[in-house]
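Q: Got a file for you: protein.cif, mmCIF, C-alpha atoms.
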data_entry
#
loop_
_atom_site.label_atom_id
_atom_site.label_comp_id
_atom_site.auth_asym_id
_atom_site.auth_seq_id
_atom_site.Cartn_x
_atom_site.Cartn_y
_atom_site.Cartn_z
CA MET A 205 117.27 126.42 112.33
CA ASN A 206 119.92 124.32 110.63
CA ILE A 207 119.62 121.05 108.78
CA GLU A 208 120.56 118.92 111.80
CA GLU A 209 117.68 120.39 113.82
CA VAL A 210 114.95 119.71 111.25
CA ASP A 211 112.23 117.14 111.83
CA LYS A 212 112.25 115.62 108.35
CA THR A 213 108.89 113.91 108.82
CA GLU A 214 107.16 117.21 109.63
CA LEU A 215 108.97 119.00 106.81
CA LEU A 216 107.86 116.39 104.24
CA LYS A 217 104.22 116.84 105.25
CA GLY A 218 104.38 120.42 104.00
CA PHE A 219 105.60 119.56 100.51
CA ASP A 220 103.25 120.03 97.58
CA TYR A 221 105.23 118.04 95.02
CA ALA A 222 108.49 116.59 96.33
CA ASN A 223 108.26 112.99 97.51
CA LYS A 224 104.80 112.55 96.00
CA ILE A 225 104.14 109.21 94.36
CA TYR A 226 102.52 109.08 90.95
CA SER A 227 101.53 105.84 89.29
CA ASN A 228 99.91 104.09 86.41
CA LYS A 229 99.00 100.41 86.16
CA GLU A 230 102.67 99.41 85.78
CA TYR A 231 104.83 101.82 87.77
CA ASN A 232 105.19 103.93 90.86
CA TYR A 233 107.30 107.06 90.47
CA THR A 234 108.56 109.31 93.29
CA VAL A 235 108.95 112.99 92.42
CA VAL A 236 112.23 114.81 92.93
CA PRO A 237 111.68 118.48 91.94
CA LYS A 238 113.82 119.85 89.10
CA CYS A 239 114.39 116.31 87.74
CA ALA A 240 111.99 116.03 84.74
CA SER A 241 109.00 115.10 86.88
CA SER A 242 106.32 116.66 84.67
CA ILE A 243 107.82 115.01 81.59
CA ILE A 244 107.79 111.58 83.27
CA ILE A 245 104.26 111.97 84.66
CA ASP A 246 102.84 113.21 81.34
CA THR A 247 104.64 110.65 79.17
CA LEU A 248 103.62 107.69 81.31
CA ASN A 249 100.10 109.07 81.88
CA MET A 250 100.44 108.89 85.65
CA THR A 251 98.13 110.13 88.37
CA GLU A 252 98.89 111.03 91.97
CA GLY A 253 98.80 108.07 94.34
CA GLU A 254 100.57 104.76 94.78
CA ASN A 255 99.68 101.60 92.88
CA ASN A 256 99.99 98.83 95.48
CA ASN A 257 99.77 96.16 92.75
CA THR A 258 103.24 96.81 91.31
CA LYS A 259 106.75 96.46 92.66
CA GLU A 260 108.12 98.64 89.85
CA HIS A 261 109.18 101.83 91.62
CA PHE A 262 111.59 104.35 90.14
CA THR A 263 112.85 107.93 90.35
CA PHE A 264 115.33 110.25 88.68
CA LEU A 265 117.97 112.42 90.35
CA ARG A 266 119.96 115.38 89.10
CA HIS A 267 123.48 116.54 89.90
CA PRO A 268 123.05 118.89 92.88
CA TYR A 269 124.73 121.79 91.06
CA GLY A 270 122.44 121.32 88.03
CA ARG A 271 119.40 121.18 90.28
CA LEU A 272 120.53 124.36 92.04
CA LYS A 273 121.09 126.16 88.73
CA SER A 274 117.64 125.12 87.53
CA TYR A 275 116.14 126.54 90.70
CA LEU A 276 118.05 129.80 90.23
CA TYR A 277 116.51 130.11 86.75
CA GLN A 278 113.06 129.20 88.08
CA VAL A 279 113.16 132.01 90.66
CA LYS A 280 114.58 134.42 88.07
CA CYS A 281 118.02 135.07 89.53
CA TYR A 282 119.59 136.69 86.50
CA THR A 283 122.09 139.11 88.07
CA TYR A 284 125.08 138.70 90.34
CA GLY A 285 123.28 140.38 93.24
CA GLU A 286 120.07 138.35 92.88
CA THR A 287 122.04 135.12 92.59
CA ILE A 288 124.36 135.65 95.56
CA HIS A 289 121.39 136.71 97.69
CA LYS A 290 119.45 133.56 96.73
CA ILE A 291 122.46 131.26 97.27
CA GLU A 292 122.91 132.76 100.75
CA HIS A 293 119.25 131.94 101.50
CA ILE A 294 119.70 128.41 100.18
CA LEU A 295 122.81 127.90 102.31
CA ASN A 296 121.08 129.36 105.36
CA ASN A 297 117.78 127.45 105.27
CA PHE A 298 117.24 126.02 101.77
CA ASP A 299 115.48 129.24 100.78
CA ASN A 300 112.98 129.03 103.60
CA TRP A 301 112.79 125.22 103.28
CA ASP A 302 111.62 125.36 99.67
CA GLU A 303 110.98 121.83 98.41
CA HIS A 304 112.97 122.59 95.26
CA CYS A 305 116.06 123.19 97.40
CA ILE A 306 115.67 120.58 100.14
CA PRO A 307 118.23 117.80 99.69
CA TYR A 308 116.60 114.84 98.03
CA ASN A 309 118.25 112.52 100.55
CA PHE A 310 115.58 113.77 102.99
CA TYR A 311 113.11 111.51 101.19
CA ILE A 312 115.02 109.33 98.71
CA THR A 313 116.63 106.09 99.89
CA TYR A 314 118.41 104.43 97.01
CA ASP A 315 117.48 100.86 97.93
CA ASP A 316 113.75 101.68 97.95
CA PHE A 317 113.73 101.80 94.15
CA LYS A 318 114.07 99.23 91.43
CA PHE A 319 115.59 101.93 89.22
CA VAL A 320 117.20 105.30 89.95
CA GLY A 321 118.16 107.27 86.86
CA THR A 322 119.93 110.58 86.39
CA LEU A 323 118.66 113.58 84.49
CA GLU A 324 122.05 113.94 82.83
CA ASN A 325 121.50 110.51 81.22
CA PHE A 326 117.74 110.84 80.97
CA ASP A 327 117.10 109.36 77.52
CA ASN A 328 119.02 106.15 78.28
CA GLY A 329 117.60 105.93 81.78
CA PHE A 330 114.03 106.44 80.60
CA ARG A 331 114.46 103.52 78.19
CA ASN A 332 114.86 101.34 81.32
CA ILE A 333 111.31 102.32 82.18
CA SER A 334 109.51 102.49 78.86
CA ASN A 335 109.84 102.55 75.10
CA LYS A 336 107.29 105.37 74.96
CA LYS A 337 108.36 108.47 73.12
CA ILE A 338 108.86 111.49 75.37
CA ILE A 339 105.78 113.69 74.94
CA LYS A 340 107.42 116.98 75.80
CA GLU A 341 110.75 118.30 76.83
CA SER A 342 111.39 121.47 78.74
CA ARG A 343 114.67 122.58 77.29
CA ARG A 344 115.53 126.09 78.33
CA GLU A 345 117.71 128.29 76.20
CA ASP A 346 120.40 129.19 78.71
CA ASN A 347 121.79 132.67 78.56
CA LYS A 348 125.59 132.31 78.64
CA ASP A 349 126.01 135.46 80.78
CA ILE A 350 123.52 134.24 83.38
CA GLU A 351 125.01 130.76 83.31
CA ALA A 352 128.47 132.25 83.92
CA ILE A 353 127.14 134.13 86.96
CA HIS A 354 125.51 130.98 88.34
CA ASP A 355 128.63 128.87 87.71
CA ALA A 356 130.96 131.44 89.30
CA LEU A 357 128.85 131.85 92.41
CA ILE A 358 128.29 128.12 92.83
CA GLU A 359 132.03 127.60 92.50
CA ARG A 360 132.68 130.40 95.00
CA ASN A 361 130.32 128.69 97.49
CA ALA A 362 131.19 125.10 96.54
CA LYS A 363 132.61 124.11 99.92
CA GLU A 364 129.38 124.99 101.74
CA ILE A 365 127.13 123.67 98.96
CA ASN A 366 129.07 120.40 98.95
CA ARG A 367 128.66 120.15 102.72
CA ILE A 368 124.89 120.67 102.86
CA TYR A 369 124.24 118.47 99.81
CA ALA A 370 126.90 115.85 100.66
CA GLU A 371 124.41 112.98 100.84
CA ASP A 372 122.82 114.05 97.56
CA PHE A 373 126.21 113.88 95.84
CA ILE A 374 126.63 110.33 97.18
CA LEU A 375 123.16 109.27 95.96
CA TYR A 376 123.75 110.89 92.60
CA GLU A 377 127.10 109.15 92.10
CA LYS A 378 125.56 105.82 93.05
CA ALA A 379 122.74 106.32 90.53
CA LYS A 380 125.19 107.45 87.85
CA LYS A 381 127.32 104.31 88.22
CA CYS A 382 124.45 101.87 88.45
CA ILE A 383 123.67 99.72 85.45
CA THR A 384 120.13 98.62 86.19
CA PRO A 385 118.45 95.89 84.20
CA ARG A 386 115.35 96.96 82.32
CA MET A 387 112.29 97.03 84.51
CA THR A 388 109.98 94.10 83.85
CA ASN A 389 106.75 95.97 83.07
CA GLU A 390 106.23 97.49 79.65
#
Will you turn the file into C-alpha cells for me?
A:
Amino acid sequence: MNIEEVDKTELLKGFDYANKIYSNKEYNYTVVPKCASSIIIDTLNMTEGENNNTKEHFTFLRHPYGRLKSYLYQVKCYTYGETIHKIEHILNNFDNWDEHCIPYNFYITYDDFKFVGTLENFDNGFRNISNKKIIKESRREDNKDIEAIHDALIERNAKEINRIYAEDFILYEKAKKCITPRMTNE
C-alpha cells in the first residue's frame, strides 16, 4: 500500500504517541515524534489530554532529514547494510507505518496552532512558550562514522525521500520562517 492509498484517519487511531495532545492549565501541545516531545511534556508538567479552557496550542517540528536520522539511531542502524535496509522500508511503507516515520503532515496543519517551532531552533522557540528552564535534554553523542553512513544514504535516496516527505518540508520551512509573537500565557 502506498501513501496515496492510506486512510489517514484509521492510521492515526493506531498511534501510541504521535498526534496526542498533552496539556497543563495554560497550554495544549501536540506531539510530533522525534521532536523533543518528552522534554516539552516534562518541562511544562503536562498530562495527556486536551485543556478546553485555553486557546494556546503549539507544537515543534524537525527537519525531515534530522527526524529520519534520529529514527535510524533509535532503531540502531549503525552499519551501511542496516541503514540501507531500513531506508528501503521507510521509502516502501514508512517502516511498516511506524509513527516515528509517518509524515507529520498527516496530522499537523500549520494554521491549527498559535505557535509552531523547530527543533533546530528549540531554545529560542521554547522561549515563545515559557521562561521555564529545560529540565532535561537528550543530547546524543553522534558517532561520526555512523553519521557519515546516514548522511550518505539519505543523500543517495534524497529524491525519493524528498518526494514522500514533500509536505513536511513545506511545513518545516513555514515554521522556520515564522516569527511568532510570544504566547500570552505564562
Q: Neighbours of Tyr231 in chain A within 8 Å (only C-alpha atoms; same-chain residues fewer than 5 positions away dropped), as a PyMOL selection string?
A: chain A and resi 255+258-262+389
Q: Quote the spacing between CA of Ile365 in chain A and CA of Cys239 in chain A in Å to one decimal place.
A: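 Answer for the CA of Ile365 in chain A to CA of Cys239 in chain A separation: 18.5 Å.
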Q: Compile the contact shell of Thr251 in chain A as a count of residues only: residues with an atom at most 8 Å away, counting all atoms listed in the file, same-chain residues fewer than 4 positions apart removed.
A: 4
Q: List the residues matched by the PyMOL selection byres ((chain A and resi 275) around 12) in the displayed structure as a PDB file with C-alpha atoms, in the coordinates of the input, ordered by chain and then by residue number.
A:
ATOM      1  CA  PRO A 237     111.680 118.480  91.940  1.00  0.00           C
ATOM      2  CA  LYS A 238     113.820 119.850  89.100  1.00  0.00           C
ATOM      3  CA  CYS A 239     114.390 116.310  87.740  1.00  0.00           C
ATOM      4  CA  ARG A 266     119.960 115.380  89.100  1.00  0.00           C
ATOM      5  CA  PRO A 268     123.050 118.890  92.880  1.00  0.00           C
ATOM      6  CA  TYR A 269     124.730 121.790  91.060  1.00  0.00           C
ATOM      7  CA  GLY A 270     122.440 121.320  88.030  1.00  0.00           C
ATOM      8  CA  ARG A 271     119.400 121.180  90.280  1.00  0.00           C
ATOM      9  CA  LEU A 272     120.530 124.360  92.040  1.00  0.00           C
ATOM     10  CA  LYS A 273     121.090 126.160  88.730  1.00  0.00           C
ATOM     11  CA  SER A 274     117.640 125.120  87.530  1.00  0.00           C
ATOM     12  CA  LEU A 276     118.050 129.800  90.230  1.00  0.00           C
ATOM     13  CA  TYR A 277     116.510 130.110  86.750  1.00  0.00           C
ATOM     14  CA  GLN A 278     113.060 129.200  88.080  1.00  0.00           C
ATOM     15  CA  VAL A 279     113.160 132.010  90.660  1.00  0.00           C
ATOM     16  CA  LYS A 280     114.580 134.420  88.070  1.00  0.00           C
ATOM     17  CA  CYS A 281     118.020 135.070  89.530  1.00  0.00           C
ATOM     18  CA  TYR A 282     119.590 136.690  86.500  1.00  0.00           C
ATOM     19  CA  THR A 287     122.040 135.120  92.590  1.00  0.00           C
ATOM     20  CA  LYS A 290     119.450 133.560  96.730  1.00  0.00           C
ATOM     21  CA  ILE A 291     122.460 131.260  97.270  1.00  0.00           C
ATOM     22  CA  ILE A 294     119.700 128.410 100.180  1.00  0.00           C
ATOM     23  CA  PHE A 298     117.240 126.020 101.770  1.00  0.00           C
ATOM     24  CA  ASP A 299     115.480 129.240 100.780  1.00  0.00           C
ATOM     25  CA  ASP A 302     111.620 125.360  99.670  1.00  0.00           C
ATOM     26  CA  GLU A 303     110.980 121.830  98.410  1.00  0.00           C
ATOM     27  CA  HIS A 304     112.970 122.590  95.260  1.00  0.00           C
ATOM     28  CA  CYS A 305     116.060 123.190  97.400  1.00  0.00           C
ATOM     29  CA  ILE A 306     115.670 120.580 100.140  1.00  0.00           C
ATOM     30  CA  HIS A 354     125.510 130.980  88.340  1.00  0.00           C
TER      31      HIS A 354
END
Q: Please evaluate the PyMOL selection byres ((chain A and resi 233) around 12) against the structure above and give the resulting residues as an NGL selection string.
A: :A and (222-232 or 234-236 or 239-246 or 248-255 or 258-265 or 312 or 316-321 or 330 or 333)
Q: What are the closest atom pairs, with distances in Å to one decimal, for all residues of range 237-320 of chain A lying within 7 Å of range 371-374 of chain A? Consider all atoms listed in the file, order rows by chain and residue number, and present the result as CSV.
A:
residue,atom,partner,partner_atom,distance
A:Pro268,CA,A:Phe373,CA,6.6
A:Pro307,CA,A:Asp372,CA,6.3
A:Tyr308,CA,A:Asp372,CA,6.3
A:Asn309,CA,A:Asp372,CA,5.7
Q: Only C-alpha atoms, please: the residues just picked out, written as a PDB file, keeping the file's coordinate frame.
A:
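File result.pdb, as written:
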ATOM      1  CA  PRO A 268     123.050 118.890  92.880  1.00  0.00           C
ATOM      2  CA  PRO A 307     118.230 117.800  99.690  1.00  0.00           C
ATOM      3  CA  TYR A 308     116.600 114.840  98.030  1.00  0.00           C
ATOM      4  CA  ASN A 309     118.250 112.520 100.550  1.00  0.00           C
TER       5      ASN A 309
END
Q: Work out how far CA of Lys380 in chain A is from CA of Leu323 in chain A, in Å to one decimal.
A: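 CA of Leu323 in chain A sits 9.6 Å away from CA of Lys380 in chain A.
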Q: Can you measure CA of Glu351 in chain A to CA of Thr283 in chain A for me? One decimal in Å is fine.
A: 10.0 Å
